[in-house]
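Text of structure17.txt, listed as compact mmCIF, C-alpha atoms:
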# COMPACT_ATOMS: atom_id res chain seq x y z
CA MET V 15 -86.41 -150.67 141.18
CA GLN V 16 -87.22 -154.11 142.56
CA ASN V 17 -86.51 -156.82 140.05
CA SER V 18 -86.13 -160.57 139.86
CA GLN V 19 -82.54 -161.73 140.41
CA SER V 20 -82.41 -163.19 136.91
CA SER V 21 -79.04 -163.39 135.19
CA PHE V 22 -80.06 -163.94 131.60
CA HIS V 23 -77.32 -164.36 129.04
CA THR V 24 -76.08 -162.19 126.22
CA VAL V 25 -77.94 -162.12 122.92
CA GLY V 26 -76.18 -160.66 119.87
CA GLY V 27 -74.22 -158.23 122.02
CA PHE V 28 -77.19 -157.31 124.24
CA SER V 29 -77.77 -158.93 127.62
CA LEU V 30 -81.00 -160.72 128.49
CA GLY V 31 -81.73 -159.42 131.96
CA ARG V 32 -79.05 -157.26 133.55
CA ARG V 33 -77.65 -154.86 130.97
CA VAL V 34 -74.02 -155.90 130.36
CA GLY V 35 -71.87 -153.56 128.27
CA ALA V 36 -74.84 -151.69 126.82
CA ARG V 37 -76.40 -148.36 127.71
CA MET V 38 -79.68 -148.51 129.62
CA VAL V 39 -82.08 -146.14 127.93
CA ALA V 40 -83.57 -143.68 130.39
CA SER V 41 -86.76 -141.76 129.83
CA THR V 42 -87.62 -138.40 131.31
CA ARG V 43 -89.29 -140.17 134.22
CA SER V 44 -87.49 -141.85 137.09
CA PHE V 45 -87.21 -145.62 137.10
CA ALA V 46 -89.15 -145.57 140.36
CA ASP V 47 -92.21 -144.32 138.44
CA PHE V 48 -92.45 -147.55 136.46
CA THR V 49 -94.08 -150.83 137.45
CA PRO V 50 -91.17 -153.20 138.20
CA GLN V 51 -93.03 -156.35 137.18
CA ALA V 52 -96.47 -157.56 136.16
CA SER V 53 -98.32 -160.81 135.55
CA PHE V 54 -100.05 -161.56 132.26
CA ASP V 55 -102.52 -164.23 131.23
CA VAL V 56 -101.35 -166.19 128.20
CA LYS V 57 -103.30 -168.43 125.87
CA LYS V 58 -103.86 -171.95 127.18
CA CYS V 59 -101.81 -174.53 125.26
CA GLU V 60 -103.45 -177.55 123.65
CA LEU V 61 -102.00 -180.77 125.06
CA HIS V 62 -101.33 -184.25 123.74
CA ARG V 63 -100.61 -187.12 126.16
CA LEU V 64 -100.09 -184.67 129.04
CA GLU V 65 -102.25 -184.20 132.12
CA ALA V 66 -100.93 -180.72 132.85
CA GLY V 67 -99.27 -178.12 130.66
CA PRO V 68 -97.35 -174.84 130.84
CA SER V 69 -98.39 -172.03 133.15
CA GLU V 70 -101.23 -169.84 131.88
CA THR V 71 -99.77 -166.87 133.77
CA ALA V 72 -96.44 -165.28 132.89
CA VAL V 73 -94.52 -162.91 135.16
CA LEU V 74 -92.59 -160.22 133.27
CA THR V 75 -90.15 -157.79 134.86
CA ARG V 76 -89.62 -154.38 133.34
CA GLU V 77 -86.00 -155.25 132.60
CA GLN V 78 -86.95 -158.47 130.83
CA GLY V 79 -89.66 -156.72 128.84
CA LEU V 80 -87.30 -154.05 127.56
CA GLN V 81 -84.74 -156.66 126.61
CA TYR V 82 -87.27 -158.87 124.81
CA TYR V 83 -88.48 -155.81 122.92
CA ARG V 84 -84.94 -154.76 122.01
CA THR V 85 -84.01 -158.24 120.80
CA MET V 86 -87.17 -158.78 118.72
CA GLN V 87 -87.03 -155.30 117.22
CA THR V 88 -83.37 -155.81 116.33
CA MET V 89 -84.26 -159.08 114.56
CA ARG V 90 -87.06 -157.30 112.67
CA ARG V 91 -84.85 -154.40 111.56
CA MET V 92 -82.00 -156.74 110.64
CA GLU V 93 -84.27 -158.77 108.36
CA LEU V 94 -85.68 -155.64 106.72
CA LYS V 95 -82.13 -154.46 106.07
CA ALA V 96 -81.29 -157.87 104.57
CA ASP V 97 -84.32 -157.47 102.29
CA GLN V 98 -82.99 -154.09 101.15
CA LEU V 99 -79.45 -155.36 100.56
CA TYR V 100 -80.80 -158.32 98.59
CA LYS V 101 -82.85 -156.08 96.32
CA GLN V 102 -79.71 -153.99 95.76
CA LYS V 103 -77.97 -157.24 94.70
CA ILE V 104 -75.41 -156.90 97.51
CA ILE V 105 -76.70 -160.12 99.09
CA ARG V 106 -76.93 -162.98 96.58
CA GLY V 107 -78.19 -166.56 96.55
CA PHE V 108 -80.62 -168.07 99.04
CA CYS V 109 -82.06 -165.76 101.68
CA HIS V 110 -85.00 -166.73 103.93
CA LEU V 111 -86.24 -163.96 106.22
CA TYR V 112 -87.72 -164.38 109.71
CA ASP V 113 -89.78 -161.20 110.25
CA GLY V 114 -93.10 -162.01 111.93
CA GLN V 115 -91.73 -165.01 113.81
CA GLU V 116 -89.56 -163.14 116.33
CA ALA V 117 -91.54 -164.29 119.39
CA CYS V 118 -90.50 -167.88 118.66
CA ALA V 119 -86.75 -167.24 118.74
CA MET V 120 -86.94 -164.81 121.67
CA GLY V 121 -89.30 -166.99 123.72
CA ILE V 122 -87.17 -170.08 123.20
CA GLU V 123 -83.97 -168.28 124.21
CA ALA V 124 -85.66 -166.85 127.33
CA GLY V 125 -86.86 -170.31 128.36
CA ILE V 126 -83.61 -172.30 128.06
CA ASN V 127 -80.08 -171.87 129.36
CA PRO V 128 -77.14 -170.52 127.33
CA THR V 129 -75.47 -173.93 127.74
CA ASP V 130 -78.44 -175.71 126.14
CA HIS V 131 -78.25 -176.51 122.44
CA LEU V 132 -80.22 -175.39 119.40
CA ILE V 133 -80.34 -176.43 115.75
CA THR V 134 -82.67 -175.10 113.06
CA ALA V 135 -83.36 -175.05 109.33
CA TYR V 136 -82.36 -172.39 106.79
CA ARG V 137 -84.49 -169.53 108.21
CA ALA V 138 -81.77 -169.00 110.77
CA HIS V 139 -80.82 -165.31 111.03
CA GLY V 140 -82.98 -164.71 114.13
CA TYR V 141 -81.63 -167.72 116.00
CA THR V 142 -78.06 -166.80 115.09
CA PHE V 143 -78.69 -163.45 116.78
CA THR V 144 -80.40 -164.83 119.90
CA ARG V 145 -77.57 -167.36 120.32
CA GLY V 146 -75.12 -164.47 120.71
CA VAL V 147 -73.83 -163.47 117.27
CA SER V 148 -73.79 -159.73 116.51
CA VAL V 149 -75.83 -158.08 113.74
CA ARG V 150 -72.52 -157.00 112.20
CA GLU V 151 -71.29 -160.59 111.83
CA ILE V 152 -74.66 -161.79 110.52
CA LEU V 153 -75.00 -159.12 107.82
CA ALA V 154 -71.34 -159.54 106.83
CA GLU V 155 -71.97 -163.26 106.41
CA LEU V 156 -74.98 -162.51 104.23
CA THR V 157 -72.80 -160.35 101.97
CA GLY V 158 -70.04 -162.98 101.90
CA ARG V 159 -67.41 -160.89 103.69
CA ARG V 160 -64.41 -161.90 105.76
CA GLY V 161 -65.88 -160.45 108.95
CA GLY V 162 -68.95 -162.70 108.74
CA VAL V 163 -69.66 -165.26 111.46
CA ALA V 164 -68.58 -168.08 109.09
CA LYS V 165 -65.85 -165.87 107.55
CA GLY V 166 -68.03 -165.19 104.50
CA LYS V 167 -68.14 -168.82 103.38
CA GLY V 168 -71.49 -169.93 104.81
CA GLY V 169 -74.00 -167.30 103.76
CA SER V 170 -77.62 -167.07 104.84
CA MET V 171 -78.22 -170.75 105.59
CA HIS V 172 -74.96 -171.70 107.30
CA MET V 173 -74.23 -169.66 110.41
CA TYR V 174 -73.01 -171.14 113.69
CA ALA V 175 -72.24 -170.13 117.27
CA LYS V 176 -71.50 -171.70 120.65
CA HIS V 177 -74.15 -174.39 121.22
CA PHE V 178 -75.81 -173.42 117.91
CA TYR V 179 -75.44 -175.85 115.02
CA GLY V 180 -76.95 -173.86 112.16
CA GLY V 181 -78.54 -173.11 109.74
CA ASN V 182 -79.07 -176.30 107.63
CA GLY V 183 -80.01 -176.18 103.96
CA ILE V 184 -81.49 -179.67 103.49
CA VAL V 185 -85.19 -179.80 104.42
CA GLY V 186 -85.64 -181.67 107.71
CA ALA V 187 -82.00 -182.84 107.92
CA GLN V 188 -81.32 -180.86 111.11
CA VAL V 189 -83.85 -182.89 113.14
CA PRO V 190 -81.86 -186.16 113.37
CA LEU V 191 -78.74 -184.06 114.03
CA GLY V 192 -80.60 -182.43 116.94
CA ALA V 193 -81.53 -185.86 118.27
CA GLY V 194 -77.83 -186.73 118.09
CA VAL V 195 -76.91 -183.63 120.08
CA ALA V 196 -79.53 -184.66 122.68
CA LEU V 197 -77.93 -188.13 122.77
CA ALA V 198 -74.57 -186.46 123.49
CA CYS V 199 -76.19 -184.49 126.35
CA GLN V 200 -77.59 -187.71 127.81
CA TYR V 201 -74.30 -189.57 127.35
CA GLN V 202 -72.32 -186.81 129.06
CA GLY V 203 -74.88 -186.45 131.85
CA ASN V 204 -74.69 -182.65 131.75
CA ASN V 205 -78.43 -181.96 132.34
CA GLN V 206 -78.62 -180.01 129.08
CA VAL V 207 -81.34 -180.20 126.42
CA CYS V 208 -81.37 -179.76 122.65
CA VAL V 209 -84.01 -177.77 120.78
CA ALA V 210 -84.47 -179.14 117.24
CA LEU V 211 -86.56 -176.85 115.04
CA TYR V 212 -88.23 -177.50 111.71
CA GLY V 213 -91.04 -175.94 109.69
CA ASP V 214 -94.47 -177.21 108.71
CA GLY V 215 -93.03 -177.81 105.23
CA ALA V 216 -90.58 -180.34 106.67
CA ALA V 217 -93.10 -181.96 109.02
CA ASN V 218 -93.88 -184.83 106.63
CA GLN V 219 -90.24 -185.85 106.20
CA GLY V 220 -89.55 -189.50 107.06
CA GLN V 221 -86.32 -188.70 108.89
CA ILE V 222 -88.30 -186.63 111.42
CA PHE V 223 -90.38 -189.66 112.40
CA GLU V 224 -87.24 -191.81 112.58
CA SER V 225 -85.79 -189.23 114.97
CA PHE V 226 -88.99 -189.27 117.06
CA ASN V 227 -88.77 -193.05 117.34
CA MET V 228 -85.15 -193.17 118.47
CA ALA V 229 -85.56 -190.22 120.84
CA ALA V 230 -88.55 -191.91 122.49
CA LEU V 231 -86.78 -195.29 122.75
CA TRP V 232 -83.74 -193.75 124.40
CA LYS V 233 -85.63 -191.00 126.30
CA LEU V 234 -83.43 -188.29 124.81
CA PRO V 235 -83.65 -184.73 126.25
CA CYS V 236 -84.84 -183.24 122.95
CA ILE V 237 -87.52 -180.60 122.36
CA PHE V 238 -88.77 -181.08 118.80
CA ILE V 239 -90.35 -177.83 117.64
CA CYS V 240 -92.43 -177.32 114.51
CA GLU V 241 -92.60 -173.62 113.62
CA ASN V 242 -95.91 -173.67 111.79
CA ASN V 243 -95.99 -170.46 109.76
CA LYS V 244 -98.95 -171.78 107.70
CA PHE V 245 -97.11 -172.22 104.39
CA GLY V 246 -94.42 -174.63 103.20
CA MET V 247 -92.98 -172.48 100.42
CA GLY V 248 -96.23 -171.55 98.63
CA THR V 249 -98.32 -174.51 99.81
CA SER V 250 -100.74 -174.08 102.70
CA VAL V 251 -100.65 -176.62 105.52
CA GLU V 252 -104.17 -177.77 104.63
CA ARG V 253 -103.01 -178.75 101.14
CA SER V 254 -99.80 -180.45 102.25
CA SER V 255 -100.71 -182.35 105.44
CA ALA V 256 -103.49 -184.88 106.06
CA SER V 257 -103.22 -183.90 109.74
CA THR V 258 -102.31 -180.32 110.63
CA ASP V 259 -102.09 -181.10 114.36
CA TYR V 260 -98.30 -181.08 114.25
CA PHE V 261 -98.00 -181.28 118.03
CA LYS V 262 -99.70 -184.70 117.90
CA ARG V 263 -97.44 -186.03 115.17
CA GLY V 264 -95.12 -187.65 117.71
CA ASP V 265 -97.99 -190.06 118.50
CA TYR V 266 -96.40 -191.77 121.52
CA ILE V 267 -94.47 -188.57 122.41
CA PRO V 268 -96.30 -185.88 124.43
CA GLY V 269 -97.04 -182.66 122.57
CA ILE V 270 -97.99 -179.01 123.13
CA LYS V 271 -99.56 -176.47 120.76
CA VAL V 272 -98.45 -172.92 121.57
CA ASP V 273 -99.33 -169.39 120.44
CA GLY V 274 -96.07 -168.59 118.64
CA MET V 275 -96.92 -164.91 118.25
CA ASP V 276 -96.79 -164.28 122.02
CA VAL V 277 -93.25 -164.23 123.42
CA LEU V 278 -94.47 -164.90 126.97
CA CYS V 279 -96.57 -167.88 125.93
CA VAL V 280 -93.56 -169.34 124.08
CA ARG V 281 -91.27 -168.71 127.05
CA GLU V 282 -93.57 -170.49 129.52
CA ALA V 283 -94.04 -173.45 127.15
CA ILE V 284 -90.30 -173.83 126.60
CA LYS V 285 -89.62 -173.70 130.34
CA PHE V 286 -92.18 -176.47 130.82
CA ALA V 287 -90.70 -178.56 128.00
CA ALA V 288 -87.13 -178.10 129.22
CA ASP V 289 -88.10 -179.13 132.76
CA TYR V 290 -89.86 -182.19 131.32
CA CYS V 291 -86.74 -183.24 129.38
CA ARG V 292 -84.34 -182.54 132.27
CA ALA V 293 -86.47 -184.76 134.51
CA GLY V 294 -85.51 -187.73 132.33
CA LYS V 295 -88.99 -188.21 130.88
CA GLY V 296 -87.75 -188.22 127.28
CA PRO V 297 -88.54 -185.97 124.31
CA ILE V 298 -91.48 -183.64 123.77
CA VAL V 299 -93.01 -182.24 120.56
CA MET V 300 -94.11 -178.63 120.33
CA GLU V 301 -95.97 -176.71 117.64
CA LEU V 302 -95.54 -172.95 117.54
CA GLU V 303 -98.35 -171.31 115.56
CA THR V 304 -96.72 -168.33 113.88
CA TYR V 305 -96.64 -166.35 110.62
CA ARG V 306 -93.98 -165.01 108.27
CA TYR V 307 -94.51 -161.63 106.63
CA HIS V 308 -92.09 -162.19 103.76
CA GLY V 309 -92.38 -164.93 101.18
CA HIS V 310 -90.65 -168.28 101.61
CA SER V 311 -87.41 -166.77 100.32
CA MET V 312 -86.41 -163.57 98.55
CA SER V 313 -87.33 -165.16 95.21
CA ASP V 314 -90.94 -165.53 96.44
CA PRO V 315 -93.02 -162.32 96.56
CA GLY V 316 -95.33 -164.10 99.02
CA VAL V 317 -98.62 -162.83 97.59
CA SER V 318 -99.42 -165.36 94.87
CA TYR V 319 -100.84 -167.89 97.36
CA ARG V 320 -102.17 -165.47 99.99
CA SER V 321 -103.51 -161.93 99.85
CA ARG V 322 -101.85 -158.73 101.00
CA GLU V 323 -104.94 -158.21 103.16
CA GLU V 324 -104.26 -161.49 105.00
CA ILE V 325 -100.70 -160.42 105.79
CA GLN V 326 -101.86 -156.98 106.90
CA GLU V 327 -104.53 -158.48 109.15
CA VAL V 328 -101.94 -160.60 110.98
CA ARG V 329 -99.68 -157.54 111.33
CA SER V 330 -102.49 -155.45 112.79
CA LYS V 331 -103.93 -158.08 115.16
CA SER V 332 -101.12 -160.43 116.17
CA ASP V 333 -97.73 -158.79 115.62
CA PRO V 334 -95.42 -160.14 118.37
CA ILE V 335 -93.46 -156.90 118.83
CA THR V 336 -96.55 -154.69 118.95
CA MET V 337 -98.20 -157.08 121.42
CA LEU V 338 -95.27 -156.88 123.84
CA LYS V 339 -94.95 -153.10 123.49
CA GLU V 340 -98.65 -152.55 124.21
CA ARG V 341 -98.49 -154.80 127.27
CA MET V 342 -95.61 -152.79 128.67
CA LEU V 343 -97.10 -149.39 127.91
CA SER V 344 -100.57 -150.26 129.23
CA ASN V 345 -99.07 -151.58 132.48
CA ASN V 346 -96.76 -148.58 133.04
CA MET V 347 -93.63 -150.74 132.55
CA ALA V 348 -92.12 -148.37 129.98
CA SER V 349 -92.77 -145.01 128.38
CA VAL V 350 -93.39 -144.16 124.72
CA GLU V 351 -90.24 -141.99 124.77
CA GLU V 352 -88.15 -144.88 126.09
CA ILE V 353 -89.41 -147.23 123.36
CA LYS V 354 -88.68 -144.61 120.71
CA GLU V 355 -85.13 -144.18 122.02
CA ILE V 356 -84.57 -147.93 121.82
CA ASP V 357 -85.86 -147.91 118.22
CA VAL V 358 -83.45 -145.12 117.30
CA GLU V 359 -80.54 -146.95 118.89
CA ILE V 360 -81.43 -150.17 117.04
CA ARG V 361 -81.62 -148.37 113.69
CA LYS V 362 -78.11 -147.01 114.28
CA VAL V 363 -76.78 -150.49 115.14
CA ILE V 364 -78.33 -151.90 111.95
CA GLU V 365 -77.00 -149.09 109.74
CA ASP V 366 -73.49 -149.41 111.18
CA ALA V 367 -73.60 -153.18 110.66
CA ALA V 368 -74.82 -152.73 107.07
CA GLN V 369 -71.95 -150.35 106.28
CA PHE V 370 -69.48 -152.89 107.64
CA ALA V 371 -71.13 -155.67 105.63
CA ILE V 372 -70.74 -153.63 102.44
CA SER V 373 -67.19 -152.34 103.03
CA ASP V 374 -65.50 -155.37 104.61
CA PRO V 375 -63.33 -157.30 102.09
CA GLU V 376 -64.30 -160.68 100.68
CA PRO V 377 -62.23 -163.64 101.92
CA PRO V 378 -59.16 -164.30 99.74
CA LEU V 379 -59.01 -167.39 97.53
CA ASP V 380 -56.21 -168.95 99.59
CA GLU V 381 -58.67 -169.27 102.53
CA LEU V 382 -61.17 -171.26 100.46
CA CYS V 383 -60.29 -174.67 101.94
CA ASN V 384 -59.50 -173.62 105.51
CA HIS V 385 -61.29 -175.23 108.47
CA ILE V 386 -62.20 -178.52 106.77
CA PHE V 387 -61.12 -180.13 110.03
CA ALA V 388 -61.26 -178.52 113.45
CA ASN V 389 -57.77 -179.28 114.71
CA ASN V 390 -55.52 -180.81 112.07
CA PRO V 391 -52.07 -179.89 110.75
CA PRO V 392 -52.09 -178.05 107.40
CA MET V 393 -53.05 -180.34 104.53
CA GLU V 394 -53.27 -180.23 100.75
CA VAL V 395 -56.68 -180.26 99.09
CA ARG V 396 -57.30 -181.05 95.45
CA GLY V 397 -58.64 -178.10 93.47
CA THR V 398 -60.96 -178.09 90.47
CA ASN V 399 -58.60 -180.46 88.65
CA PRO V 400 -55.80 -182.84 89.76
CA TRP V 401 -53.05 -180.30 89.01
CA VAL V 402 -54.41 -177.50 91.21
CA LYS V 403 -53.48 -177.91 94.87
CA LEU V 404 -54.99 -175.79 97.65
CA LYS V 405 -54.05 -175.64 101.32
CA SER V 406 -56.32 -176.22 104.32
CA VAL V 407 -55.42 -174.72 107.69
CA SER V 408 -57.51 -175.53 110.77
Write the structure described by the file as structure tokens, please.
Amino acid sequence: MQNSQSSFHTVGGFSLGRRVGARMVASTRSFADFTPQASFDVKKCELHRLEAGPSETAVLTREQGLQYYRTMQTMRRMELKADQLYKQKIIRGFCHLYDGQEACAMGIEAGINPTDHLITAYRAHGYTFTRGVSVREILAELTGRRGGVAKGKGGSMHMYAKHFYGGNGIVGAQVPLGAGVALACQYQGNNQVCVALYGDGAANQGQIFESFNMAALWKLPCIFICENNKFGMGTSVERSSASTDYFKRGDYIPGIKVDGMDVLCVREAIKFAADYCRAGKGPIVMELETYRYHGHSMSDPGVSYRSREEIQEVRSKSDPITMLKERMLSNNMASVEEIKEIDVEIRKVIEDAAQFAISDPEPPLDELCNHIFANNPPMEVRGTNPWVKLKSVS
């Protein structure tokens, strides 16, 4: 099979591009029977202070398509499993699910390099996965177990990986941190960019506009992305924002409005934005129009401020996973049997990860204060009163 010589990186144990350490699913037909690559028209982006925008045509190889499908479907199944574990009271506390928005995380990861940087808010499970953390470590973190990515001490909102800075619980607080990471990239001259994500609910935060100002003054290589999923908690964007054109909110910073339900549209827009930043032109603001199927968090049923019919209509007309699958099937890039085999394999990965997340032990109390500093000698930490002393090991 002819294919592009792409060498995409590993996502949550799966490789993006050439299959590394994972079994390639084979259908009853030969690989030679499939279309190796195809071009697709994607929705034209709305532009602000730009003369030209992202490509309106996206080239997709069969290998890329299968990997995008696998990654997005794994995110979807992982979030549905988290929903189940939460309702069983195995996961406790805050838990914000990402199902419906998978094209955003997958498209961003496909459009940047593994050495680029990413920081997001508290709806972070999908990005933790695309940045390379396994489902096993994510679910174990959600259940507060020792095998979790943050050793069971971070939970849903505080997961981290190489070049991934969380998972941040304070609304909008990750945006100035992302600008700081972009400043570090500029200072080190490493030609890397930082993607700083926030939701429409955080879009009116003052610290976001302060970050815009400094990033524009210093021409920082930062892609500011508003994931507009239409509701900030239970408040619609029309009720919370005098201007819902979030891609224009940077004013003096160029902006792009993107179909966030189409993984190829997101990928092309991110490639364009990353090239813009790497060229030394400064920051860019992007709005990804998307939709979440669950409520704001697990404490929100999600149907008091919108109807079940509205959610079902988005699922039936704009679901990002269904859209990609239909593109591949209609262009002979995959078979129905092959897709079903991938689905079965993903379900097994999720179930195995869930069993680990339930059976793995909780971290012991004597590890409570570890890793306060990255590389310090052991130190004493005051406990809940002056007479209780705990130990911190880096």
Which residues come within 12 Å of segment 260-267 of chain V, counting all atoms listed in the file, excluding same-chain residues fewer than 6 positions away, as a PyMOL selection string?
chain V and resi 59-64+212-220+222-231+233-234+236-244+251-252+290-291+295-303
Contacts of Phe48 of chain V at 7 Å or less, counting all atoms listed in the file, minus same-chain residues fewer than 4 places along, as a PyMOL selection string?
chain V and resi 346-348
What are the nearest atom pairs, with distances in Å to one decimal, for all residues of segment 95-209 of chain V that come at most 12 Å from segment 376-385 of chain V, using all atoms listed in the file, set out by chain and rising residue number as a tab-separated table?
residue	atom	partner	partner_atom	distance
V:Ala154	CA	V:Glu376	CA	9.4
V:Glu155	CA	V:Glu376	CA	9.9
V:Leu156	CA	V:Glu376	CA	11.4
V:Thr157	CA	V:Glu376	CA	8.6
V:Gly158	CA	V:Glu376	CA	6.3
V:Arg159	CA	V:Glu376	CA	4.3
V:Arg160	CA	V:Pro377	CA	4.7
V:Gly161	CA	V:Glu376	CA	8.4
V:Gly162	CA	V:Glu376	CA	9.5
V:Ala164	CA	V:His385	CA	10.2
V:Lys165	CA	V:Pro377	CA	7.1
V:Gly166	CA	V:Pro377	CA	6.5
V:Lys167	CA	V:Leu382	CA	7.9
V:Gly168	CA	V:Leu382	CA	11.3
Could you tell me how far atom CA of Ala52 of chain V lies from atom CA of Lys271 of chain V, in Å and to one decimal?
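Computing it gives 24.6 Å between the two atoms.
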With a distance cut-off of 9 Å and all atoms listed in the file, select the neighbouring residues of segment 350-366 of chain V, excluding the residue or stretch itself and same-chain residues fewer than 3 positions from it, and output the selection as a list in words.
Val39, Ala40, Ser41, Thr42, Leu80, Tyr83, Arg84, Gln87, Thr88, Arg91, Met92, Lys95, Val149, Arg150, Leu153, Lys339, Leu343, Gln369, Phe370 and Ala371 of chain V
Between V:Ser254, V:Met342, V:Ile105, V:Ile126, which is the closest to Pro50 of chain V once you count all atoms listed in the file?
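Between V:Ser254, V:Met342, V:Ile105, V:Ile126, the residue approaching Pro50 of chain V most closely is V:Met342.
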Looking at all atoms listed in the file, which of V:Ala175, V:Ala210, V:Ala368, V:Met275 is the one that sits closest to Lys331 of chain V?
V:Met275
